[in-house]
Structures are given as structure tokens and as C-alpha cells.
>>> print(open('run_2.cif').read())   # mmCIF, C-alpha atoms
data_model
#
loop_
_atom_site.label_atom_id
_atom_site.label_comp_id
_atom_site.auth_asym_id
_atom_site.auth_seq_id
_atom_site.Cartn_x
_atom_site.Cartn_y
_atom_site.Cartn_z
CA MET A 1 148.76 142.97 87.47
CA LEU A 2 151.25 140.32 88.55
CA THR A 3 154.70 141.63 89.47
CA ALA A 4 157.82 139.53 90.07
CA HIS A 5 160.44 140.32 92.70
CA TYR A 6 163.47 138.94 94.55
CA ALA A 7 164.26 139.18 98.26
CA PRO A 8 167.49 138.26 100.07
CA SER A 9 167.61 135.31 102.47
CA ARG A 10 170.16 133.19 104.29
CA PHE A 11 170.11 130.88 101.26
CA GLY A 12 170.43 133.55 98.57
CA GLN A 13 167.75 135.23 96.50
CA LEU A 14 164.12 134.20 96.94
CA HIS A 15 161.74 134.74 94.04
CA TYR A 16 158.11 135.70 94.54
CA VAL A 17 155.22 137.07 92.50
CA GLU A 18 152.46 139.22 93.94
CA CYS A 19 149.23 140.94 93.04
CA GLY A 20 146.99 143.44 94.82
CA GLU A 21 147.06 145.40 98.05
CA GLY A 22 145.81 144.96 101.59
CA GLU A 23 146.16 142.23 104.20
CA PRO A 24 148.84 139.80 102.91
CA VAL A 25 148.05 136.22 101.90
CA LEU A 26 151.12 134.04 101.30
CA LEU A 27 150.76 130.94 99.10
CA LEU A 28 153.16 127.97 99.12
CA HIS A 29 153.30 125.53 96.20
CA GLN A 30 153.64 121.77 95.94
CA THR A 31 156.79 119.88 94.92
CA PRO A 32 158.41 120.25 92.41
CA ARG A 33 156.43 123.30 91.32
CA SER A 34 156.86 127.07 91.55
CA TRP A 35 154.71 130.16 92.08
CA ALA A 36 153.19 129.39 88.63
CA GLU A 37 150.88 126.88 90.31
CA TYR A 38 148.97 129.95 91.56
CA ARG A 39 149.14 131.96 88.34
CA ASP A 40 145.34 132.05 87.99
CA VAL A 41 144.63 132.30 91.72
CA LEU A 42 146.78 135.38 92.39
CA PRO A 43 144.67 137.94 90.50
CA LEU A 44 141.49 136.58 92.10
CA LEU A 45 142.87 136.98 95.63
CA GLY A 46 144.63 140.19 94.60
CA ALA A 47 141.27 141.85 94.03
CA THR A 48 140.89 142.16 97.82
CA HIS A 49 144.27 141.31 99.37
CA ARG A 50 148.00 141.43 98.78
CA ALA A 51 148.43 137.94 97.34
CA ILE A 52 152.00 136.63 97.33
CA ALA A 53 153.19 133.33 95.84
CA MET A 54 156.82 132.48 96.52
CA ASP A 55 159.15 129.92 95.01
CA THR A 56 160.19 127.60 97.84
CA VAL A 57 163.90 127.41 98.56
CA GLY A 58 165.34 124.97 96.01
CA TYR A 59 162.57 125.42 93.42
CA GLY A 60 161.49 127.79 90.67
CA ALA A 61 163.75 130.83 90.47
CA SER A 62 164.68 130.81 94.16
CA ALA A 63 168.13 129.92 95.48
CA LYS A 64 169.07 126.25 95.26
CA PRO A 65 171.39 125.35 98.13
CA ALA A 66 173.33 122.11 97.94
CA ASP A 67 172.21 121.08 101.45
CA ASP A 68 169.79 118.21 102.00
CA GLN A 69 166.26 119.48 101.76
CA SER A 70 163.95 119.44 104.77
CA VAL A 71 160.63 120.96 105.76
CA GLU A 72 162.52 123.00 108.33
CA MET A 73 164.79 124.43 105.62
CA PHE A 74 161.81 125.30 103.44
CA ALA A 75 160.20 127.03 106.43
CA ASP A 76 163.41 128.97 107.08
CA GLY A 77 163.04 130.41 103.59
CA VAL A 78 159.43 131.38 104.22
CA GLU A 79 160.39 133.02 107.51
CA ASP A 80 163.19 134.96 105.80
CA LEU A 81 160.79 136.20 103.12
CA VAL A 82 158.05 137.40 105.48
CA ASP A 83 160.64 139.14 107.65
CA GLU A 84 162.26 140.79 104.64
CA LEU A 85 158.85 141.96 103.40
CA GLY A 86 157.99 143.30 106.86
CA LEU A 87 154.88 141.15 107.23
CA ASP A 88 154.09 141.36 110.94
CA THR A 89 151.00 139.22 110.36
CA PHE A 90 149.74 137.36 107.31
CA HIS A 91 147.38 134.64 106.15
CA LEU A 92 149.05 131.40 105.04
CA VAL A 93 148.01 128.93 102.33
CA GLY A 94 149.76 125.71 101.31
CA HIS A 95 148.99 123.08 98.69
CA HIS A 96 150.39 119.53 99.01
CA THR A 97 154.07 120.02 100.01
CA GLY A 98 153.29 123.69 100.56
CA GLY A 99 150.73 122.66 103.15
CA VAL A 100 153.31 120.68 105.12
CA ILE A 101 155.66 123.67 105.02
CA ALA A 102 152.76 125.85 106.16
CA VAL A 103 152.25 123.58 109.19
CA GLU A 104 155.85 124.18 110.26
CA VAL A 105 155.63 127.93 109.62
CA ALA A 106 152.37 128.25 111.57
CA ALA A 107 153.82 126.21 114.45
CA ARG A 108 156.85 128.51 114.59
CA LEU A 109 155.30 131.92 114.11
CA GLY A 110 152.20 131.56 116.28
CA SER A 111 149.95 134.61 116.21
CA ARG A 112 151.76 136.12 113.23
CA VAL A 113 149.81 133.61 111.10
CA ARG A 114 146.25 134.93 111.19
CA SER A 115 144.70 132.01 109.31
CA LEU A 116 145.91 128.74 107.88
CA THR A 117 144.46 127.10 104.77
CA LEU A 118 145.80 123.62 104.02
CA SER A 119 144.98 122.21 100.61
CA ALA A 120 145.42 118.47 99.98
CA THR A 121 148.08 118.38 102.67
CA PRO A 122 149.60 114.98 103.55
CA PHE A 123 149.00 113.89 107.14
CA ILE A 124 152.41 112.53 108.16
CA THR A 125 152.36 109.90 110.89
CA PRO A 126 155.31 108.13 112.56
CA GLU A 127 154.43 105.05 110.47
CA LYS A 128 154.74 107.05 107.25
CA ARG A 129 158.07 108.46 108.40
CA ALA A 130 159.39 104.95 108.95
CA ARG A 131 158.63 104.10 105.31
CA ALA A 132 159.79 107.41 103.84
CA VAL A 133 162.93 106.41 101.97
CA TRP A 134 161.44 103.22 100.55
CA LYS A 135 158.63 104.79 98.57
CA ARG A 136 158.66 104.74 94.77
CA PRO A 137 159.85 108.02 93.21
CA VAL A 138 157.01 110.34 92.27
CA ASP A 139 158.65 112.74 89.81
CA TRP A 140 162.27 111.70 89.35
CA VAL A 141 163.14 110.09 86.01
CA ARG A 142 166.52 109.06 84.66
CA PRO A 143 167.58 111.36 81.80
CA ASN A 144 168.04 109.50 78.51
CA PRO A 145 170.00 110.74 75.47
CA ASP A 146 166.95 110.26 73.23
CA GLY A 147 164.76 112.43 75.45
CA SER A 148 162.35 109.58 76.23
CA HIS A 149 162.44 110.60 79.90
CA LEU A 150 160.39 113.67 78.96
CA LEU A 151 157.50 111.45 77.87
CA GLU A 152 157.95 109.30 80.98
CA LEU A 153 157.69 112.38 83.21
CA TRP A 154 154.66 113.65 81.27
CA ASN A 155 152.90 110.29 81.64
CA ARG A 156 153.68 110.14 85.36
CA ARG A 157 151.45 113.19 85.83
CA ARG A 158 149.10 112.97 82.85
CA HIS A 159 146.31 111.16 84.72
CA PHE A 160 146.02 114.02 87.21
CA TYR A 161 144.95 116.42 84.45
CA GLN A 162 141.76 116.36 82.43
CA PRO A 163 141.68 116.64 78.61
CA GLY A 164 142.09 120.28 77.71
CA GLN A 165 144.37 121.02 80.70
CA GLU A 166 147.60 120.41 78.82
CA ALA A 167 148.76 124.01 79.38
CA ALA A 168 148.81 123.39 83.13
CA LEU A 169 150.68 120.13 82.60
CA ASN A 170 153.21 122.01 80.46
CA ARG A 171 153.80 124.36 83.39
CA PHE A 172 154.37 121.36 85.64
CA MET A 173 156.92 119.98 83.16
CA ALA A 174 158.81 123.28 83.05
CA ASP A 175 158.99 123.41 86.85
CA ALA A 176 160.00 119.75 87.23
CA LEU A 177 162.69 119.85 84.54
CA ARG A 178 164.21 122.90 86.17
CA VAL A 179 165.09 120.78 89.21
CA LEU A 180 165.07 117.30 87.68
CA GLY A 181 168.12 116.06 89.56
CA ARG A 182 166.43 116.86 92.89
CA ALA A 183 162.77 116.49 91.89
CA GLU A 184 162.22 113.81 94.53
CA ASP A 185 163.94 115.55 97.44
CA GLY A 186 160.90 117.58 98.47
CA HIS A 187 158.71 114.47 98.62
CA ILE A 188 161.25 112.72 100.82
CA ALA A 189 161.53 115.79 103.05
CA ILE A 190 157.82 115.91 103.84
CA ARG A 191 157.68 112.17 104.59
CA LEU A 192 160.42 112.68 107.20
CA PHE A 193 158.68 115.63 108.87
CA ALA A 194 157.62 115.16 112.51
CA MET A 195 154.16 116.61 111.87
CA ASP A 196 152.62 115.04 114.96
CA GLU A 197 154.94 117.17 117.11
CA ARG A 198 154.12 120.41 115.30
CA LEU A 199 150.34 120.32 114.82
CA PRO A 200 149.58 120.92 118.53
CA ARG A 201 151.62 124.14 118.42
CA ILE A 202 149.40 125.78 115.78
CA ALA A 203 147.25 128.62 117.11
CA ALA A 204 145.83 129.96 113.84
CA PRO A 205 142.26 129.07 112.84
CA ALA A 206 142.56 126.39 110.18
CA THR A 207 140.64 125.42 107.07
CA VAL A 208 141.36 122.12 105.29
CA ILE A 209 140.37 121.71 101.65
CA CYS A 210 140.87 118.93 99.13
CA GLY A 211 139.84 118.09 95.59
CA GLN A 212 137.52 115.10 95.50
CA ASP A 213 139.60 113.56 92.70
CA ASP A 214 142.90 113.95 94.57
CA ASP A 215 143.30 110.26 95.39
CA PRO A 216 146.74 110.59 97.06
CA SER A 217 145.47 113.29 99.45
CA MET A 218 141.90 112.33 100.30
CA PRO A 219 142.95 109.82 103.02
CA SER A 220 144.65 112.71 104.86
CA PHE A 221 141.62 115.00 104.76
CA GLU A 222 139.66 113.78 107.79
CA PRO A 223 142.72 113.21 110.04
CA MET A 224 143.91 116.76 109.32
CA VAL A 225 140.47 118.24 110.00
CA ARG A 226 140.32 116.42 113.34
CA ALA A 227 143.88 117.27 114.35
CA LEU A 228 143.33 121.01 113.85
CA SER A 229 139.61 121.18 114.73
CA ALA A 230 139.39 122.77 111.31
CA LYS A 231 136.66 123.63 108.87
CA GLY A 232 136.72 121.12 106.00
CA HIS A 233 135.68 121.38 102.36
CA ILE A 234 135.85 118.69 99.66
CA VAL A 235 135.63 120.11 96.14
CA PRO A 236 134.19 118.07 93.24
CA GLY A 237 135.97 118.29 89.91
CA ALA A 238 139.36 119.07 91.42
CA GLY A 239 142.39 116.83 91.80
CA VAL A 240 146.11 117.15 92.45
CA PRO A 241 146.39 120.40 90.42
CA PHE A 242 143.42 121.96 92.28
CA PRO A 243 144.66 125.60 92.10
CA GLU A 244 145.02 125.30 88.32
CA GLN A 245 141.90 123.25 87.66
CA ARG A 246 139.49 125.26 89.82
CA PRO A 247 141.18 128.61 90.54
CA GLU A 248 137.90 130.42 91.23
CA GLU A 249 136.81 127.83 93.80
CA PHE A 250 140.28 127.70 95.35
CA ALA A 251 140.37 131.48 95.71
CA ARG A 252 136.83 131.55 97.11
CA LEU A 253 137.67 129.07 99.86
CA VAL A 254 140.82 130.98 100.77
CA ARG A 255 138.90 134.26 100.88
CA GLU A 256 136.31 132.68 103.18
CA ALA A 257 139.02 131.42 105.54
CA VAL A 258 140.70 134.81 105.56
CA ALA A 259 137.44 136.69 106.11
CA SER A 260 136.44 134.39 108.97
CA ALA A 261 139.75 135.04 110.74
CA GLU A 262 139.51 138.78 110.17
CA VAL A 263 136.02 138.86 111.68
CA ALA A 264 137.18 136.80 114.66
CA ASP A 265 140.07 139.22 115.21
CA GLY A 266 137.51 142.02 115.36
#
>>> encode(input="run_2.cif", output="C-alpha cells")
Amino acid sequence: MLTAHYAPSRFGQLHYVECGEGEPVLLLHQTPRSWAEYRDVLPLLGATHRAIAMDTVGYGASAKPADDQSVEMFADGVEDLVDELGLDTFHLVGHHTGGVIAVEVAARLGSRVRSLTLSATPFITPEKRARAVWKRPVDWVRPNPDGSHLLELWNRRRHFYQPGQEAALNRFMADALRVLGRAEDGHIAIRLFAMDERLPRIAAPATVICGQDDDPSMPSFEPMVRALSAKGHIVPGAGVPFPEQRPEEFARLVREAVASAEVADG
């Protein structure tokens, strides 16, 4: 059974949903989503582990500080949550933006992160940082009195979802509209992140996964695998909403990464 909770942090209340018992697995969502991205993954992981999906600072039902968003700020929220929950060690999973946040968390917390699974995580280079503020908005739309911006936002994401996956797209819309005025801030934050300085500090064994149909993320797959000497898996039939499109496969790959680290730890 999924249960929802709040925990205090330096930013205010952090919202998270969890399922199951055992070794904790913390999941971080993409921008501008919420824990709901893992709604179908949580019970699968919860069958063997304590699966926790948090709302990143600024998103979902978590606190929304007025400060400029940054990967470091998002990671501060993650660190506050794991400390508040008393998680001495845990396994870490991040999808898209959540993967970039996971890189920073793993670089900071060292051996506390027992394994790291990065799903469709952008590989941020100095060249990408230089172009960060000039990129076309991904999810921000200008609100119109006639509500036409709702259709514009829907169509921005529609091609990522297959026919019959409208329920998942509805969940995206609910998350995006909740933070519409700042829907682009998370994307800008990850493009400004000095990833090249943080990757060498990661000690956790890493697994990199990506949906074969995730066109924005596939170019980052091989560079990330090489940078972390990671295991890599490309999954057919999955795209940008991988955890919602293929929850069983997503959970299986996370379980394999977790089990491999647990065996290595002895």
C-alpha cells in the first residue's frame, strides 16, 4: 500500500510517498513532475524494499521557495529528507532531471549511496552550460484567458506518449500546471550544473538506463556509461515517460542494480 508523508527541511515541508519495507530505495523524478511519475513503480519495488519517491523541492506538494532553482538546492532537499528519515545508507534512482540531482547527491554523500541508477540522465558538458539560457522552453507556456495554453502544453508532450497512455499524460499535465510559472526553471538548473566536476567524486556502483525511444536522452547514454564505468541498458518500447510506460522493466532494472550492490557489499 502506498502511504503519503511530510518531513521537515530547511525549505519547509517535503512530501514523499513510500511502499514496502527493507533496504531503502529513493527515487527522484524529472522536471516538472512529482512522485506520481513512480506511481506504478513503487509497489513493484516495495515488494522487496522500502521504496520512497519524493517531490523535489519546488515541485509536487513539497515546499516551493522563491529562490532561484539549482541542482545544488534540489540536492539539499534530498539530503534533508534522508537525514530526517534516518537513512544511513540507501540506493538512489533518478530519471531525467532526477538523475542529474542524483549525481550531485551521490557525489556529496559518498558511501551512504550504495548504488546509483541513472535513467535517461542528461550528460551536461561545459559546452551545454554555455548555451543553457538560450534554449527553447520545454514546458513553459504563456497562460491565455481562453485556456488555449492547456492544449499547447498537452501538444508539447503528446508525442512522447503512445496512444492509450493518456492517463499518464494527464498526470504530467497536473504536475506541470501546479508549477506553471516556474515549469522551465528545473530545465535551466540542470543545464547550468557543473556535472564534469561532480562525476569523478561518485563512489557508488552505477547503472545507466534509457528508453530506446527517448530521443532527447539517447545521445547522453554512452558518455554517461563511460564516465561512470557503469552497466548500461537500452530498453525498447520506452521513451521520455519510461517509468510510466514500462514500470515492470524499470523496476526490474533497479532491482538488479540494487541486488548487485548488495552482493558486492557482502
>>> closest_residue(input="run_2.cif", among="A:Thr31, A:Thr125, A:Thr117, A:Gln162", to="Glu197 (chain A)", atoms="only C-alpha atoms")
A:Thr125
>>> closest_atom_pairs(input="run_2.cif", of="region 182-225 of chain A", to="region 141-157 of chain A", cutoff="12 Å", atoms="all atoms listed in the file", output="tab-separated table")
residue	atom	partner	partner_atom	distance
A:Arg182	CA	A:Val141	CA	10.2
A:Ala183	CA	A:Val141	CA	8.7
A:Glu184	CA	A:Val141	CA	9.3
>>> write_last_selection(input="run_2.cif", atoms="C-alpha atoms", output="PDB file, in the coordinates of the input")
ATOM      1  CA  ARG A 182     166.430 116.860  92.890  1.00  0.00           C
ATOM      2  CA  ALA A 183     162.770 116.490  91.890  1.00  0.00           C
ATOM      3  CA  GLU A 184     162.220 113.810  94.530  1.00  0.00           C
TER       4      GLU A 184
END
>>> resolve_selection(input="run_2.cif", expression="the PyMOL selection byres ((chain A and resi 16) around 6)", output="PyMOL selection string")
chain A and resi 4-5+15+17+53-55
>>> resolve_selection(input="run_2.cif", expression="the PyMOL selection byres ((chain A and resi 169) around 9)", output="MDAnalysis selection string")
chainID A and resid 154 157:158 160:161 165:168 170:174 241
>>> residues_around(input="run_2.cif", residues="Glu104 (chain A)", least_positions_apart="4", cutoff="8 Å", atoms="only C-alpha atoms", output="list in words")
Val71, Glu72, Ala75, Val100, Arg108, Met195 and Arg198 of chain A
>>> atom_distance(input="run_2.cif", atom1="CA of Asp88 (chain A)", atom2="CA of Ser34 (chain A)")
24.2 Å
>>> residues_near_point(input="run_2.cif", point="(170.5, 136.1, 104.4)", cutoff="12 Å", atoms="only C-alpha atoms", output="PyMOL selection string")
chain A and resi 7-14+63+76-77+79-81+83-84
>>> resolve_selection(input="run_2.cif", expression="the PyMOL selection byres ((chain A and resi 24) around 7)", output="ChimeraX atom specification")
/A:22-23,25-26,49-51,90-91
>>> atom_distance(input="run_2.cif", atom1="CA of Ala107 (chain A)", atom2="CA of Val78 (chain A)")
12.8 Å
>>> atom_distance(input="run_2.cif", atom1="CA of Val225 (chain A)", atom2="CA of Val263 (chain A)")
21.2 Å
>>> closest_residue(input="run_2.cif", among="A:Thr207, A:Thr121, A:Thr48, A:Gln69", to="Val240 (chain A)", atoms="all atoms listed in the file")
A:Thr121
>>> closest_residue(input="run_2.cif", among="A:Asp265, A:Phe74, A:Ala120, A:Leu109", to="Pro219 (chain A)", atoms="all atoms listed in the file")
A:Ala120
>>> closest_residue(input="run_2.cif", among="A:Glu249, A:Gly60, A:Val93, A:Leu228", to="Pro200 (chain A)", atoms="all atoms listed in the file")
A:Leu228
>>> closest_residue(input="run_2.cif", among="A:His29, A:Arg178, A:His159, A:Lys231", to="Ala61 (chain A)", atoms="all atoms listed in the file")
A:Arg178
>>> closest_residue(input="run_2.cif", among="A:Thr97, A:Ser111, A:Gln212, A:Gln245", to="Phe123 (chain A)", atoms="only C-alpha atoms")
A:Thr97
>>> axis_aligned_box(input="run_2.cif", around="region 234-249 of chain A", padding_each_side="4 Å", output="lines of an AutoDock Vina configuration file")
center_x = 140.3
center_y = 123.6
center_z = 93.7
size_x = 20.2
size_y = 21.6
size_z = 20.0
>>> build_atoms(input="run_2.cif", residues="region 26-54 of chain A", atoms="N, CA and C atoms", output="PDB file, keeping the file's coordinate frame")
ATOM      1  N   LEU A  26     149.942 134.694 101.861  1.00  0.00           N
ATOM      2  CA  LEU A  26     151.120 134.040 101.300  1.00  0.00           C
ATOM      3  C   LEU A  26     150.777 132.619 100.892  1.00  0.00           C
ATOM      4  N   LEU A  27     151.096 132.260  99.635  1.00  0.00           N
ATOM      5  CA  LEU A  27     150.760 130.940  99.100  1.00  0.00           C
ATOM      6  C   LEU A  27     152.022 130.139  98.819  1.00  0.00           C
ATOM      7  N   LEU A  28     152.018 128.872  99.270  1.00  0.00           N
ATOM      8  CA  LEU A  28     153.160 127.970  99.120  1.00  0.00           C
ATOM      9  C   LEU A  28     152.768 126.802  98.216  1.00  0.00           C
ATOM     10  N   HIS A  29     153.618 126.507  97.244  1.00  0.00           N
ATOM     11  CA  HIS A  29     153.300 125.530  96.200  1.00  0.00           C
ATOM     12  C   HIS A  29     153.716 124.114  96.567  1.00  0.00           C
ATOM     13  N   GLN A  30     153.247 123.162  95.766  1.00  0.00           N
ATOM     14  CA  GLN A  30     153.640 121.770  95.940  1.00  0.00           C
ATOM     15  C   GLN A  30     154.987 121.500  95.275  1.00  0.00           C
ATOM     16  N   THR A  31     155.536 120.327  95.521  1.00  0.00           N
ATOM     17  CA  THR A  31     156.790 119.880  94.920  1.00  0.00           C
ATOM     18  C   THR A  31     156.513 119.124  93.623  1.00  0.00           C
ATOM     19  N   PRO A  32     157.294 119.326  92.566  1.00  0.00           N
ATOM     20  CA  PRO A  32     158.410 120.250  92.410  1.00  0.00           C
ATOM     21  C   PRO A  32     158.013 121.488  91.610  1.00  0.00           C
ATOM     22  N   ARG A  33     157.004 122.195  92.066  1.00  0.00           N
ATOM     23  CA  ARG A  33     156.430 123.300  91.320  1.00  0.00           C
ATOM     24  C   ARG A  33     157.096 124.636  91.653  1.00  0.00           C
ATOM     25  N   SER A  34     156.406 125.711  91.298  1.00  0.00           N
ATOM     26  CA  SER A  34     156.860 127.070  91.550  1.00  0.00           C
ATOM     27  C   SER A  34     155.626 127.932  91.798  1.00  0.00           C
ATOM     28  N   TRP A  35     155.825 129.234  91.901  1.00  0.00           N
ATOM     29  CA  TRP A  35     154.710 130.160  92.080  1.00  0.00           C
ATOM     30  C   TRP A  35     153.664 129.994  90.980  1.00  0.00           C
ATOM     31  N   ALA A  36     154.085 129.484  89.797  1.00  0.00           N
ATOM     32  CA  ALA A  36     153.190 129.390  88.630  1.00  0.00           C
ATOM     33  C   ALA A  36     151.974 128.521  88.903  1.00  0.00           C
ATOM     34  N   GLU A  37     152.044 127.673  89.936  1.00  0.00           N
ATOM     35  CA  GLU A  37     150.880 126.880  90.310  1.00  0.00           C
ATOM     36  C   GLU A  37     149.703 127.784  90.687  1.00  0.00           C
ATOM     37  N   TYR A  38     150.000 128.996  91.131  1.00  0.00           N
ATOM     38  CA  TYR A  38     148.970 129.950  91.560  1.00  0.00           C
ATOM     39  C   TYR A  38     148.761 131.083  90.557  1.00  0.00           C
ATOM     40  N   ARG A  39     149.211 130.889  89.340  1.00  0.00           N
ATOM     41  CA  ARG A  39     149.140 131.960  88.340  1.00  0.00           C
ATOM     42  C   ARG A  39     147.720 132.502  88.178  1.00  0.00           C
ATOM     43  N   ASP A  40     146.724 131.617  88.178  1.00  0.00           N
ATOM     44  CA  ASP A  40     145.340 132.050  87.990  1.00  0.00           C
ATOM     45  C   ASP A  40     144.643 132.406  89.295  1.00  0.00           C
ATOM     46  N   VAL A  41     145.215 131.986  90.419  1.00  0.00           N
ATOM     47  CA  VAL A  41     144.630 132.300  91.720  1.00  0.00           C
ATOM     48  C   VAL A  41     145.035 133.694  92.186  1.00  0.00           C
ATOM     49  N   LEU A  42     146.262 134.102  91.891  1.00  0.00           N
ATOM     50  CA  LEU A  42     146.780 135.380  92.390  1.00  0.00           C
ATOM     51  C   LEU A  42     145.893 136.576  92.048  1.00  0.00           C
ATOM     52  N   PRO A  43     145.499 136.760  90.788  1.00  0.00           N
ATOM     53  CA  PRO A  43     144.670 137.940  90.500  1.00  0.00           C
ATOM     54  C   PRO A  43     143.298 137.893  91.176  1.00  0.00           C
ATOM     55  N   LEU A  44     142.773 136.698  91.425  1.00  0.00           N
ATOM     56  CA  LEU A  44     141.490 136.580  92.100  1.00  0.00           C
ATOM     57  C   LEU A  44     141.612 137.018  93.564  1.00  0.00           C
ATOM     58  N   LEU A  45     142.642 136.557  94.250  1.00  0.00           N
ATOM     59  CA  LEU A  45     142.870 136.980  95.630  1.00  0.00           C
ATOM     60  C   LEU A  45     143.346 138.427  95.684  1.00  0.00           C
ATOM     61  N   GLY A  46     144.092 138.831  94.641  1.00  0.00           N
ATOM     62  CA  GLY A  46     144.630 140.190  94.600  1.00  0.00           C
ATOM     63  C   GLY A  46     143.572 141.260  94.455  1.00  0.00           C
ATOM     64  N   ALA A  47     142.351 140.867  94.126  1.00  0.00           N
ATOM     65  CA  ALA A  47     141.270 141.850  94.030  1.00  0.00           C
ATOM     66  C   ALA A  47     140.925 142.437  95.388  1.00  0.00           C
ATOM     67  N   THR A  48     141.240 141.703  96.472  1.00  0.00           N
ATOM     68  CA  THR A  48     140.890 142.160  97.820  1.00  0.00           C
ATOM     69  C   THR A  48     142.061 142.146  98.794  1.00  0.00           C
ATOM     70  N   HIS A  49     143.146 141.457  98.453  1.00  0.00           N
ATOM     71  CA  HIS A  49     144.270 141.310  99.370  1.00  0.00           C
ATOM     72  C   HIS A  49     145.595 141.418  98.618  1.00  0.00           C
ATOM     73  N   ARG A  50     146.663 141.518  99.371  1.00  0.00           N
ATOM     74  CA  ARG A  50     148.000 141.430  98.780  1.00  0.00           C
ATOM     75  C   ARG A  50     148.347 139.945  98.702  1.00  0.00           C
ATOM     76  N   ALA A  51     148.199 139.371  97.540  1.00  0.00           N
ATOM     77  CA  ALA A  51     148.430 137.940  97.340  1.00  0.00           C
ATOM     78  C   ALA A  51     149.867 137.725  96.873  1.00  0.00           C
ATOM     79  N   ILE A  52     150.579 136.872  97.590  1.00  0.00           N
ATOM     80  CA  ILE A  52     152.000 136.630  97.330  1.00  0.00           C
ATOM     81  C   ILE A  52     152.218 135.131  97.162  1.00  0.00           C
ATOM     82  N   ALA A  53     152.826 134.737  96.051  1.00  0.00           N
ATOM     83  CA  ALA A  53     153.190 133.330  95.840  1.00  0.00           C
ATOM     84  C   ALA A  53     154.707 133.264  95.672  1.00  0.00           C
ATOM     85  N   MET A  54     155.366 132.567  96.574  1.00  0.00           N
ATOM     86  CA  MET A  54     156.820 132.480  96.520  1.00  0.00           C
ATOM     87  C   MET A  54     157.270 131.164  95.902  1.00  0.00           C
TER      88      MET A  54
END
